[in-house]
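Structure data follow from protein-v7.pdb (PDB, C-alpha atoms):
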```
ATOM      1  CA  MET A 570      37.964  46.697  85.995  1.00  0.00           C
ATOM      2  CA  PHE A 571      35.122  45.187  83.974  1.00  0.00           C
ATOM      3  CA  ASP A 572      32.569  47.348  85.814  1.00  0.00           C
ATOM      4  CA  LEU A 573      34.540  50.496  85.024  1.00  0.00           C
ATOM      5  CA  MET A 574      34.728  49.539  81.345  1.00  0.00           C
ATOM      6  CA  LYS A 575      31.015  48.738  81.286  1.00  0.00           C
ATOM      7  CA  LYS A 576      30.058  52.026  82.959  1.00  0.00           C
ATOM      8  CA  SER A 577      32.249  54.001  80.554  1.00  0.00           C
ATOM      9  CA  LEU A 578      30.697  52.360  77.503  1.00  0.00           C
ATOM     10  CA  LEU A 579      27.156  52.854  78.781  1.00  0.00           C
ATOM     11  CA  THR A 580      27.878  56.502  79.540  1.00  0.00           C
ATOM     12  CA  GLY A 581      29.114  57.037  75.977  1.00  0.00           C
ATOM     13  CA  ILE A 582      26.027  55.382  74.534  1.00  0.00           C
ATOM     14  CA  GLY A 583      23.756  57.442  76.790  1.00  0.00           C
ATOM     15  CA  LEU A 584      25.417  60.675  75.683  1.00  0.00           C
ATOM     16  CA  ALA A 585      25.037  59.742  72.032  1.00  0.00           C
ATOM     17  CA  LEU A 586      21.323  59.027  72.468  1.00  0.00           C
ATOM     18  CA  LYS A 587      20.775  62.255  74.409  1.00  0.00           C
ATOM     19  CA  THR A 588      22.561  64.277  71.732  1.00  0.00           C
ATOM     20  CA  LYS A 589      20.388  62.706  69.010  1.00  0.00           C
ATOM     21  CA  ASP A 590      17.188  63.580  70.854  1.00  0.00           C
ATOM     22  CA  GLU A 591      18.367  67.129  71.507  1.00  0.00           C
ATOM     23  CA  MET A 592      19.271  67.572  67.839  1.00  0.00           C
ATOM     24  CA  GLU A 593      15.816  66.442  66.746  1.00  0.00           C
ATOM     25  CA  ASP A 594      14.254  68.914  69.191  1.00  0.00           C
ATOM     26  CA  LEU A 595      16.460  71.724  67.848  1.00  0.00           C
ATOM     27  CA  ILE A 596      15.438  70.983  64.246  1.00  0.00           C
ATOM     28  CA  LYS A 597      11.751  71.031  65.200  1.00  0.00           C
ATOM     29  CA  GLU A 598      12.256  74.340  67.007  1.00  0.00           C
ATOM     30  CA  LEU A 599      14.001  75.870  63.972  1.00  0.00           C
ATOM     31  CA  GLN A 600      11.179  74.670  61.740  1.00  0.00           C
ATOM     32  CA  ASN A 601       8.568  76.169  64.069  1.00  0.00           C
ATOM     33  CA  LYS A 602      10.391  79.510  64.036  1.00  0.00           C
ATOM     34  CA  GLY A 603      10.546  79.421  60.257  1.00  0.00           C
ATOM     35  CA  GLU A 604      14.354  79.452  60.215  1.00  0.00           C
ATOM     36  CA  MET A 605      14.435  76.096  58.433  1.00  0.00           C
ATOM     37  CA  SER A 606      11.952  74.641  55.998  1.00  0.00           C
ATOM     38  CA  GLU A 607      10.363  71.283  56.636  1.00  0.00           C
ATOM     39  CA  THR A 608      12.213  69.846  53.625  1.00  0.00           C
ATOM     40  CA  GLU A 609      15.554  71.148  54.885  1.00  0.00           C
ATOM     41  CA  GLY A 610      14.826  69.867  58.358  1.00  0.00           C
ATOM     42  CA  ARG A 611      13.818  66.441  57.086  1.00  0.00           C
ATOM     43  CA  LYS A 612      16.927  66.240  54.892  1.00  0.00           C
ATOM     44  CA  PHE A 613      19.182  67.298  57.753  1.00  0.00           C
ATOM     45  CA  LEU A 614      17.600  64.780  60.131  1.00  0.00           C
ATOM     46  CA  ASP A 615      17.906  62.004  57.544  1.00  0.00           C
ATOM     47  CA  GLU A 616      21.600  62.774  57.084  1.00  0.00           C
ATOM     48  CA  ALA A 617      22.122  63.014  60.829  1.00  0.00           C
ATOM     49  CA  ARG A 618      20.329  59.687  61.398  1.00  0.00           C
ATOM     50  CA  GLU A 619      22.519  58.047  58.763  1.00  0.00           C
ATOM     51  CA  HIS A 620      25.673  59.329  60.439  1.00  0.00           C
ATOM     52  CA  TYR A 621      24.290  58.344  63.831  1.00  0.00           C
ATOM     53  CA  GLU A 622      23.553  54.782  62.662  1.00  0.00           C
ATOM     54  CA  GLU A 623      27.033  54.461  61.146  1.00  0.00           C
ATOM     55  CA  ALA A 624      28.602  55.703  64.380  1.00  0.00           C
ATOM     56  CA  GLN A 625      26.413  53.345  66.396  1.00  0.00           C
ATOM     57  CA  GLU A 626      27.486  50.353  64.272  1.00  0.00           C
ATOM     58  CA  LYS A 627      31.143  51.310  64.662  1.00  0.00           C
ATOM     59  CA  LEU A 628      30.675  51.665  68.408  1.00  0.00           C
ATOM     60  CA  GLU A 629      28.986  48.269  68.649  1.00  0.00           C
ATOM     61  CA  ARG A 630      31.847  46.641  66.729  1.00  0.00           C
ATOM     62  CA  ARG A 631      34.395  48.339  68.976  1.00  0.00           C
ATOM     63  CA  ILE A 632      32.536  47.249  72.101  1.00  0.00           C
ATOM     64  CA  GLU A 633      32.303  43.685  70.845  1.00  0.00           C
ATOM     65  CA  LYS A 634      36.022  43.662  70.023  1.00  0.00           C
ATOM     66  CA  THR A 635      36.907  45.138  73.414  1.00  0.00           C
ATOM     67  CA  VAL A 636      34.778  42.632  75.296  1.00  0.00           C
ATOM     68  CA  LYS A 637      36.263  39.719  73.334  1.00  0.00           C
ATOM     69  CA  GLU A 638      39.782  40.959  74.081  1.00  0.00           C
ATOM     70  CA  PHE A 639      38.876  41.347  77.749  1.00  0.00           C
ATOM     71  CA  LEU A 640      37.434  37.836  77.901  1.00  0.00           C
ATOM     72  CA  LYS A 641      40.508  36.425  76.192  1.00  0.00           C
ATOM     73  CA  LYS A 642      42.847  38.155  78.666  1.00  0.00           C
ATOM     74  CA  THR A 643      40.872  36.888  81.646  1.00  0.00           C
ATOM     75  CA  ASN A 644      40.593  33.350  80.247  1.00  0.00           C
ATOM     76  CA  ILE A 645      36.793  33.390  80.305  1.00  0.00           C
ATOM     77  CA  VAL A 646      35.200  30.993  77.842  1.00  0.00           C
ATOM     78  CA  THR A 647      32.906  32.546  75.233  1.00  0.00           C
ATOM     79  CA  THR A 648      29.600  30.999  74.147  1.00  0.00           C
ATOM     80  CA  ASP A 649      31.064  30.046  70.769  1.00  0.00           C
ATOM     81  CA  GLU A 650      34.039  28.345  72.405  1.00  0.00           C
ATOM     82  CA  LEU A 651      31.700  26.466  74.742  1.00  0.00           C
ATOM     83  CA  LYS A 652      29.543  25.321  71.816  1.00  0.00           C
ATOM     84  CA  ASP A 653      32.664  24.094  69.990  1.00  0.00           C
ATOM     85  CA  LEU A 654      33.784  22.151  73.069  1.00  0.00           C
ATOM     86  CA  LYS A 655      30.358  20.542  73.477  1.00  0.00           C
ATOM     87  CA  LYS A 656      30.377  19.518  69.823  1.00  0.00           C
ATOM     88  CA  GLU A 657      33.850  18.028  70.176  1.00  0.00           C
ATOM     89  CA  ILE A 658      32.786  16.099  73.286  1.00  0.00           C
ATOM     90  CA  ARG A 659      29.756  14.663  71.455  1.00  0.00           C
ATOM     91  CA  GLU A 660      31.997  13.587  68.569  1.00  0.00           C
ATOM     92  CA  LEU A 661      34.493  11.960  70.948  1.00  0.00           C
ATOM     93  CA  LYS A 662      31.695  10.137  72.793  1.00  0.00           C
ATOM     94  CA  SER A 663      30.433   8.811  69.497  1.00  0.00           C
ATOM     95  CA  ILE A 664      33.889   7.549  68.558  1.00  0.00           C
ATOM     96  CA  ILE A 665      34.300   5.913  71.972  1.00  0.00           C
ATOM     97  CA  ASN A 666      30.904   4.238  71.681  1.00  0.00           C
ATOM     98  CA  THR A 667      31.796   2.954  68.220  1.00  0.00           C
ATOM     99  CA  LEU A 668      35.136   1.566  69.428  1.00  0.00           C
ATOM    100  CA  THR A 669      33.759  -0.036  72.609  1.00  0.00           C
ATOM    101  CA  THR A 670      30.711  -1.627  71.043  1.00  0.00           C
ATOM    102  CA  LYS A 671      31.488  -5.277  70.358  1.00  0.00           C
ATOM    103  CA  PRO A 672      30.243  -6.695  67.098  1.00  0.00           C
ATOM    104  CA  GLU A 673      27.733  -9.481  67.623  1.00  0.00           C
TER     105      GLU A 673
END
```
Encoded form using structure tokens:
Amino acid sequence: MFDLMKKSLLTGIGLALKTKDEMEDLIKELQNKGEMSETEGRKFLDEAREHYEEAQEKLERRIEKTVKEFLKKTNIVTTDELKDLKKEIRELKSIINTLTTKPE
């Protein structure tokens, strides 16, 4: 199941990157043919890049959320949870050492 989800996400990302490259090529072609000025082309590409970056950020957040939900459902410990557990263990060891050390 995880592999299918991973492949689907990577396919979506690959399509988005391919579309971006193709769009840039199309703009350059239109500029070369004189159907679009360099200023218009630059402005269009800037706007397209901005939309692309926004979409990419949204996609990354969605992927992160999906992966976290998947990990939670499968009871797999995340790095943050592991760090918290290690910290708690260190604190408990310190308390135990304090309580078991006899005053001299």
For the contact check between stretch 609-643 of chain A and stretch 590-598 of chain A, emit one row per residue of stretch 609-643 of chain A within 12 Å, containing the shortest atom pair and the distance in Å rounded to one decimal, counting all atoms listed in the file, chain then rising number order, as JSON lines.
```
{"residue": "A:Glu609", "atom": "CA", "partner": "A:Ile596", "partner_atom": "CA", "distance": 9.4}
{"residue": "A:Gly610", "atom": "CA", "partner": "A:Ile596", "partner_atom": "CA", "distance": 6.0}
{"residue": "A:Arg611", "atom": "CA", "partner": "A:Ile596", "partner_atom": "CA", "distance": 8.6}
{"residue": "A:Lys612", "atom": "CA", "partner": "A:Ile596", "partner_atom": "CA", "distance": 10.6}
{"residue": "A:Phe613", "atom": "CA", "partner": "A:Ile596", "partner_atom": "CA", "distance": 8.4}
{"residue": "A:Leu614", "atom": "CA", "partner": "A:Glu593", "partner_atom": "CA", "distance": 7.1}
{"residue": "A:Asp615", "atom": "CA", "partner": "A:Glu593", "partner_atom": "CA", "distance": 10.4}
{"residue": "A:Glu616", "atom": "CA", "partner": "A:Glu593", "partner_atom": "CA", "distance": 11.8}
{"residue": "A:Ala617", "atom": "CA", "partner": "A:Met592", "partner_atom": "CA", "distance": 8.8}
{"residue": "A:Arg618", "atom": "CA", "partner": "A:Glu593", "partner_atom": "CA", "distance": 9.7}
{"residue": "A:Tyr621", "atom": "CA", "partner": "A:Met592", "partner_atom": "CA", "distance": 11.2}
```
Could you save the residues just selected, with C-alpha atoms, as a CSV table (one decimal), keeping the file's coordinate frame?
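What follows is the written file result-v4.csv:
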```csv
chain,number,residue,atom,x,y,z
A,609,GLU,CA,15.6,71.1,54.9
A,610,GLY,CA,14.8,69.9,58.4
A,611,ARG,CA,13.8,66.4,57.1
A,612,LYS,CA,16.9,66.2,54.9
A,613,PHE,CA,19.2,67.3,57.8
A,614,LEU,CA,17.6,64.8,60.1
A,615,ASP,CA,17.9,62.0,57.5
A,616,GLU,CA,21.6,62.8,57.1
A,617,ALA,CA,22.1,63.0,60.8
A,618,ARG,CA,20.3,59.7,61.4
A,621,TYR,CA,24.3,58.3,63.8
```
Item checked: Two-atom distance - atom CA of A:Phe639, atom CA of A:Ile658 (Å) ->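 Separation of atom CA of A:Phe639 and atom CA of A:Ile658: 26.4 Å.
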Notebook entry, point to check: Which residues, written as a ChimeraX atom specification, have at least one atom at most 10 Å from A:Lys637, with all atoms listed in the file counted and residues fewer than 6 positions away on the same chain left out?
Noted result: /A:631,643,645-647
Note to self: If I take atom CA of A:Glu638 and atom CA of A:Lys656, how far is one from the other in Å, to one decimal?
What the structure shows: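 Separating atom CA of A:Glu638 from atom CA of A:Lys656 is a distance of 23.8 Å.
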Checklist line | Atomic separation - atom CA of A:Lys641 relative to atom CA of A:Arg659, Å | finding: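 That distance, rounded to one decimal, is 24.7 Å.
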Edge lengths and centre in Å, axis-aligned, stretch 623-630 of chain A plus 6 Å each side, as AutoDock Vina command-line options:
```
--center_x 29.1 --center_y 51.2 --center_z 64.9 --size_x 17.4 --size_y 21.1 --size_z 19.5
```
